[in-house]
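Undergrad: There's a structure below that I have some questions on.
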Number of protein chains: 2
Amino acid sequence: MTKIGILGYGNLGRGVECAVKAANDMELAAVFTRRDPSALQIQTEGVPVVRAAEAAEWKDKIDVMILCGGSATDLPVQTPEYAKYFNVVDSFDTHAKIPQHFAAVDAAAKANGTAAVISVGWDPGMFSLNRVYANAILPDGKDYTFWGRGVSQGHSDAIRRIKGVKNAKQYTIPVEAALEAVRSGSNPELMTRDKHERECFVVLEEGADAAYVENEIKTMPNYFDEYNTTVHFISEEELEKNHSGMAHGGFVIRSGRTGMKKEHSHIMEYSLKLDSNPEFTTSVLVAYARAVKRLAEEGVCGCKTVLDIAPAYMCEQSGEELRAHLL
Amino acid sequence: MTKIGILGYGNLGRGVECAVKAANDMELAAVFTRRDPSALQIQTEGVPVVRAAEAAEWKDKIDVMILCGGSATDLPVQTPEYAKYFNVVDSFDTHAKIPQHFAAVDAAAKANGTAAVISVGWDPGMFSLNRVYANAILPDGKDYTFWGRGVSQGHSDAIRRIKGVKNAKQYTIPVEAALEAVRSGSNPELMTRDKHERECFVVLEEGADAAYVENEIKTMPNYFDEYNTTVHFISEEELEKNHSGMAHGGFVIRSGRTGMKKEHSHIMEYSLKLDSNPEFTTSVLVAYARAVKRLAEEGVCGCKTVLDIAPAYMCEQSGEELRAHLL
């Protein structure tokens with residue numbers, strides 16, 4: 001049995017707990033929290049909740065620590081720190097900062113003989129894998145990534161910072177016509193506006209100016225000004241009732257050409273339709289926890305990403321079973 | 001530059017030639033044939049065409065030999081044989097016989113210090129990868145693989161063996177309603193008949209009995225009797241004009257559930273729409289030739305499959321470039 005530790009018990013921590021329960025070869029060893037452990041009620045009976053500050057004492061009782069903090073401020077500090085004591089997996093998802101995060105985690109892991117996998121989930125993660133496989137196979141082609149339909153936390157937060165807004169949720173929606181154009185193999189040049197639209201559900205503070213808020217949203221640089229955006233004003237009750245789900249998904253498509261005269265077109269498409277973004281993300285984290293334990297057992301240390309790990313390492317089944325039944 | 005050899009110059013051999021030309025880091029060293037080399041005209045200038053019997057003399061002049069024979073009788077003999085001299089890649093696609101082919105190639109490669117990758121292409125190959133990733137991530141779920149629309153060589157051959165048939169092409173077609181049911185997350189139990197239908201284009205010998213041929217097709221055990229089958233009788237000219245393309249494709253879908261009460265459903269879908277089945281297959285072969293050369297340089301020997309190879313090994317780009325741009 002692989003002994004898993006969870007650091008941080010928010011949506012991701014709870015998702016890891018579920019996914020570990022669903023795996024036959026894993027058990028949850030402990031949940032680590034920066035909150036008061038006595039105030040935390042977890043869903044797995046008999047598993048201790050421990051102060052994060054005491055985690056190092058669990059060095060020999062945990063095979064893989066899954067880090068469930070956020071990418072903005074938690075993981076840049078936590079992943080290198082916990083890689084001193086544990087094999088670790090994280091879901092660091094700030095694409096532009098992956099190289100520096102990789103360097104920090106790699107240095108810590110190599111100095112301490114541990115193995116780490118960063119940026120695990122679906123994007124980065126499964127979407128990255130599909131971009132890389134498709135690029136390797138069809139070097140003459142074009143990549144398209146679409147996200148949604150799903151709530152973007154960053155865009156929802158941006159709306160909430162506008163004066164007069166009490167609460168808000170923002171959905172990122174892929175434009176169907178753009179998807180169809182890509183699938184046709186015509187390799188269209190798509191502007192930001194062509195690929196996604198944005199739909200906002202906003203609860204106003206009492207007496208707030210709806211026209212002002214709508215204009216602030218639609219003209220907000222980077223977040224909304226380059227998109228077709230729809231704004232709906234609704235009540236707090238309606239927001240709670242209809243917009244508290246965590247569904248998400250998206251599409252990775254590569255359209256490429258082969259042949260001596262580039263006369264043949266090929267479309268490779270990968271898509272996800274997820275009822276629960278955090279539970280799917282953590283299902284990926286747990287599969288890579290299995291991989292990182294195996295790498296560590298082989299003596300591998302340092303930082304890896306999903307691109308560096310053979311798929312068989314993620315599976316409970318042996319190589320023989322995989323070749324006989326899934327190949 | 002990776003020096004590639006091609007053994008066998010049919011559709012696959014010609015596809016490898018195209019894909020090697022499209023790769024910046026590869027060059028075609030020689031084409032090996034069992035035919036008379038002087039009778040063979042290849043498309044790359046200045047590359048020698050050599051008798052297959054003389055291949056062993058090229059041991060030090062080729063990094064990877066790509067075996068372009070058929071799975072029925074060529075590859076079971078050729079892959080273990082050529083693994084004695086070369087790092088090899090093949091597209092062995094008889095699923096049921098993969099374990100024994102693997103064992104034979106593994107023994108030959110280990111005895112001679114070479115590296116081999118078998119069963120590369122799209123199914124087995126990219127479809128297998130997607131089944132394995134999806135199973136590792138969603139252990140509680142169900143797999144669905146659909147093929148088509150595309151010509152099945154085996155089914156076309158079966159029709160041609162019927163008395164009175166001069167020529168024939170058979171298309172395997174996924175049933176749209178079944179695809180939609182799977183995508184809905186309802187995890188339907190699908191019979192053979194529900195998943196695919198078969199469409200046959202048949203040219204009769206002069207004076208042949210069309211009703212007899214149609215009945216022979218529709219009642220043929222294993223090949224057609226469990227499917228809804230449509231038969232069209234057409235002229236040789238029409239067959240040549242409209243049915244000589246090599247388009248193919250298909251879908252791999254896993255529908256799975258997560259959550260403490262299995263309350264969340266997720267759909268992972270991978271699909272290919274290919275203008276040229278052999279050119280896509282060989283694009284995959286060539287990407288894995290890059291991987292097998294790297295494995296060999298690391299001192300790996302023996303047989304591998306796509307499940308054992310990390311995606312980064314297939315890419316021209318370095319790890320740094322992949323992390324910065326595709327992760």
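The chains in the structure tokens are called A, B, ... from first to last as shown; in each chain the residues are counted from 1, and the ligands are counted from 1 in the order shown.
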Would you please extract all alpha helix (DSSP H) residues from range 121-224 of chain B, as assigned by DSSP on the backbone, and give them as a ChimeraX atom specification?
TA: /B:126-137,153-160,176-183,192-195,210-218
Undergrad: At a cut-off of 6 Å, can you tabulate as CSV every residue of chain B near chain A together with its closest atom pair and the distance in Å to one decimal, using only C-alpha atoms and ordering rows by chain then number?
TA:
```
residue,atom,partner,partner_atom,distance
B:Cys18,CA,A:Met260,CA,5.7
B:Pro124,CA,A:Leu327,CA,5.7
B:Ser128,CA,A:Leu327,CA,4.7
B:Ala136,CA,A:Cys315,CA,5.2
B:Ile137,CA,A:Val284,CA,5.3
B:Gly259,CA,A:Cys18,CA,5.8
B:Met260,CA,A:Cys18,CA,5.7
B:His264,CA,A:Asp275,CA,5.3
B:Ser265,CA,A:Asp275,CA,5.5
B:His266,CA,A:Leu274,CA,4.5
B:Ile267,CA,A:Lys273,CA,5.0
B:Met268,CA,A:Leu272,CA,4.8
B:Glu269,CA,A:Ser271,CA,5.2
B:Tyr270,CA,A:Tyr270,CA,4.5
B:Ser271,CA,A:Glu269,CA,5.2
B:Leu272,CA,A:Met268,CA,4.8
B:Lys273,CA,A:Ile267,CA,5.0
B:Leu274,CA,A:His266,CA,4.5
B:Asp275,CA,A:His264,CA,5.3
B:Ser283,CA,A:Ile137,CA,5.3
B:Val284,CA,A:Ile137,CA,5.3
B:Ala287,CA,A:Ile137,CA,5.8
B:Leu307,CA,A:Ala312,CA,5.2
B:Asp308,CA,A:Ala310,CA,5.1
B:Ile309,CA,A:Ala310,CA,4.7
B:Ala310,CA,A:Ala310,CA,3.9
B:Pro311,CA,A:Leu307,CA,5.3
B:Ala312,CA,A:Leu307,CA,5.2
B:Met314,CA,A:Ala136,CA,5.9
B:Cys315,CA,A:Ala136,CA,5.2
B:Leu326,CA,A:Ser128,CA,5.9
B:Leu327,CA,A:Ser128,CA,4.7
```
Undergrad: Can you work out which one of B:Val105, B:Val88, B:Ala181, B:Ile162 has the shortest atom-to-atom distance to Ala208 in chain B, counting only C-alpha atoms?
TA: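 Checking each of B:Val105, B:Val88, B:Ala181, B:Ile162 against Ala208 in chain B, counting only C-alpha atoms, the winner is B:Ile162.
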Undergrad: Give me, as a tab-separated table (two decimals) with N, CA and C atoms, in the first residue's frame, all polymer residues having an atom no more than 9 Å from range 216-220 of chain A, counting only C-alpha atoms and skipping those fewer than 2 positions away in the same chain.
TA:
```
chain	number	residue	atom	x	y	z
A	158	ALA	N	-11.97	38.91	-10.31
A	158	ALA	CA	-11.80	40.25	-10.90
A	158	ALA	C	-13.11	41.03	-10.87
A	159	ILE	N	-14.22	40.34	-11.13
A	159	ILE	CA	-15.53	41.03	-11.07
A	159	ILE	C	-15.84	41.44	-9.62
A	162	ILE	N	-14.86	44.87	-8.32
A	162	ILE	CA	-15.49	46.11	-8.82
A	162	ILE	C	-16.41	46.68	-7.75
A	200	CYS	N	-21.22	36.34	-17.34
A	200	CYS	CA	-21.02	36.72	-15.94
A	200	CYS	C	-22.36	36.77	-15.21
A	211	ALA	N	-25.41	49.74	-14.54
A	211	ALA	CA	-24.80	50.14	-15.81
A	211	ALA	C	-23.31	50.36	-15.63
A	212	TYR	N	-22.95	50.98	-14.49
A	212	TYR	CA	-21.53	51.21	-14.20
A	212	TYR	C	-20.79	49.87	-14.08
A	213	VAL	N	-21.37	48.93	-13.34
A	213	VAL	CA	-20.72	47.62	-13.13
A	213	VAL	C	-20.57	46.89	-14.47
A	214	GLU	N	-21.64	46.91	-15.27
A	214	GLU	CA	-21.58	46.20	-16.55
A	214	GLU	C	-20.47	46.78	-17.43
A	222	ASN	N	-7.37	42.95	-20.42
A	222	ASN	CA	-6.90	41.56	-20.29
A	222	ASN	C	-8.02	40.58	-19.93
A	223	TYR	N	-8.80	40.89	-18.91
A	223	TYR	CA	-9.81	39.94	-18.46
A	223	TYR	C	-11.02	39.87	-19.40
A	224	PHE	N	-11.53	41.05	-19.85
A	224	PHE	CA	-12.80	41.03	-20.59
A	224	PHE	C	-12.81	41.83	-21.88
A	225	ASP	N	-11.91	42.83	-22.02
A	225	ASP	CA	-12.07	43.77	-23.13
A	225	ASP	C	-11.89	43.11	-24.50
A	226	GLU	N	-11.16	41.98	-24.54
A	226	GLU	CA	-10.96	41.33	-25.84
A	226	GLU	C	-11.97	40.22	-26.12
A	227	TYR	N	-13.01	40.12	-25.30
A	227	TYR	CA	-13.99	39.04	-25.45
A	227	TYR	C	-15.39	39.59	-25.65
A	228	ASN	N	-16.25	38.76	-26.24
A	228	ASN	CA	-17.67	39.06	-26.19
A	228	ASN	C	-18.18	38.60	-24.83
A	229	THR	N	-18.71	39.55	-24.08
A	229	THR	CA	-19.07	39.29	-22.69
A	229	THR	C	-20.54	39.60	-22.45
A	230	THR	N	-21.23	38.69	-21.76
A	230	THR	CA	-22.62	38.91	-21.38
A	230	THR	C	-22.69	39.02	-19.87
A	231	VAL	N	-23.45	40.00	-19.38
A	231	VAL	CA	-23.57	40.18	-17.93
A	231	VAL	C	-25.03	40.02	-17.51
```
Undergrad: Which value, in Å to one decimal, gives the distance between CA of Val151 in chain A and CA of Gly245 in chain A?
TA: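 CA of Gly245 in chain A lies 8.5 Å from CA of Val151 in chain A.
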Undergrad: When you look at Gly13 in chain B with a cut-off of 9 Å (counting only C-alpha atoms), what residues show up, excluding the ones that are within fewer than 2 positions of it in the same chain? I need them as number ranges by chain.
TA: B: 6-11, 15-18, 31, 66-69, 278, 282
Undergrad: Let me see the file: selected residues, N, CA, C and O atoms, as a short mmCIF file (atom, residue, chain, number, x, y, z; two decimals), in the first residue's frame.
TA:
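Printed below is out_24.cif as written:
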```cif
data_model
loop_
_atom_site.label_atom_id
_atom_site.label_comp_id
_atom_site.auth_asym_id
_atom_site.auth_seq_id
_atom_site.Cartn_x
_atom_site.Cartn_y
_atom_site.Cartn_z
N ILE B 6 14.37 1.93 -43.58
CA ILE B 6 12.99 1.46 -43.80
C ILE B 6 13.08 0.05 -44.35
O ILE B 6 13.79 -0.19 -45.33
N LEU B 7 12.37 -0.89 -43.72
CA LEU B 7 12.30 -2.23 -44.28
C LEU B 7 10.89 -2.47 -44.83
O LEU B 7 9.93 -2.56 -44.06
N GLY B 8 10.79 -2.56 -46.15
CA GLY B 8 9.49 -2.78 -46.77
C GLY B 8 8.95 -1.48 -47.32
O GLY B 8 8.80 -0.50 -46.57
N TYR B 9 8.65 -1.45 -48.61
CA TYR B 9 8.28 -0.18 -49.23
C TYR B 9 6.87 -0.23 -49.82
O TYR B 9 6.66 -0.02 -51.00
N GLY B 10 5.89 -0.54 -48.96
CA GLY B 10 4.49 -0.43 -49.35
C GLY B 10 3.94 0.89 -48.82
O GLY B 10 4.67 1.88 -48.72
N ASN B 11 2.63 0.93 -48.48
CA ASN B 11 2.02 2.16 -47.96
C ASN B 11 2.74 2.67 -46.72
O ASN B 11 2.94 3.88 -46.57
N GLY B 15 5.01 6.05 -46.24
CA GLY B 15 4.62 6.99 -45.18
C GLY B 15 5.79 7.35 -44.29
O GLY B 15 5.98 8.52 -43.92
N VAL B 16 6.63 6.36 -43.95
CA VAL B 16 7.81 6.65 -43.14
C VAL B 16 8.73 7.61 -43.89
O VAL B 16 9.27 8.56 -43.32
N GLU B 17 8.88 7.36 -45.17
CA GLU B 17 9.74 8.24 -46.00
C GLU B 17 9.28 9.71 -45.90
O GLU B 17 10.09 10.62 -45.70
N CYS B 18 7.97 9.93 -46.01
CA CYS B 18 7.40 11.28 -45.86
C CYS B 18 7.68 11.85 -44.49
O CYS B 18 8.06 13.02 -44.35
N VAL B 31 16.60 2.24 -47.92
CA VAL B 31 15.35 1.47 -47.94
C VAL B 31 15.71 0.03 -48.29
O VAL B 31 16.46 -0.21 -49.25
N ILE B 66 12.95 0.97 -39.13
CA ILE B 66 11.49 0.96 -39.00
C ILE B 66 10.94 -0.14 -39.89
O ILE B 66 11.14 -0.13 -41.12
N LEU B 67 10.25 -1.09 -39.26
CA LEU B 67 9.78 -2.29 -39.96
C LEU B 67 8.37 -2.04 -40.49
O LEU B 67 7.44 -1.81 -39.72
N CYS B 68 8.23 -2.09 -41.81
CA CYS B 68 6.98 -1.69 -42.45
C CYS B 68 6.23 -2.87 -43.06
O CYS B 68 5.48 -2.71 -44.02
N GLY B 69 6.43 -4.07 -42.51
CA GLY B 69 5.72 -5.23 -42.98
C GLY B 69 4.34 -5.36 -42.34
O GLY B 69 3.95 -4.53 -41.52
N PRO B 278 -2.26 5.22 -43.38
CA PRO B 278 -0.85 4.86 -43.32
C PRO B 278 0.08 6.03 -43.01
O PRO B 278 1.07 5.87 -42.29
N THR B 282 2.52 6.07 -39.73
CA THR B 282 3.96 6.19 -39.85
C THR B 282 4.50 7.46 -39.19
O THR B 282 5.64 7.49 -38.75
#
```
Undergrad: Residues within 10 Å of Arg160 in chain A, please, as a list in words. Count only C-alpha atoms; anything in the same chain fewer than 5 positions from it doesn't count.
TA: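 The filter keeps Gly154, His155, Val165, Lys166, Asn167, Ala168, Lys169, Val202, Val203, Leu204 and Ile217 of chain A.
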Undergrad: I need the strand (DSSP E or B) residues of range 16-263 of chain B per DSSP on the backbone, written as a ChimeraX atom specification.
TA: /B:26-33,49-51,64-67,87-89,115-117,122,125,141-147,150-151,165-174,196-204,228-233,246,248-258
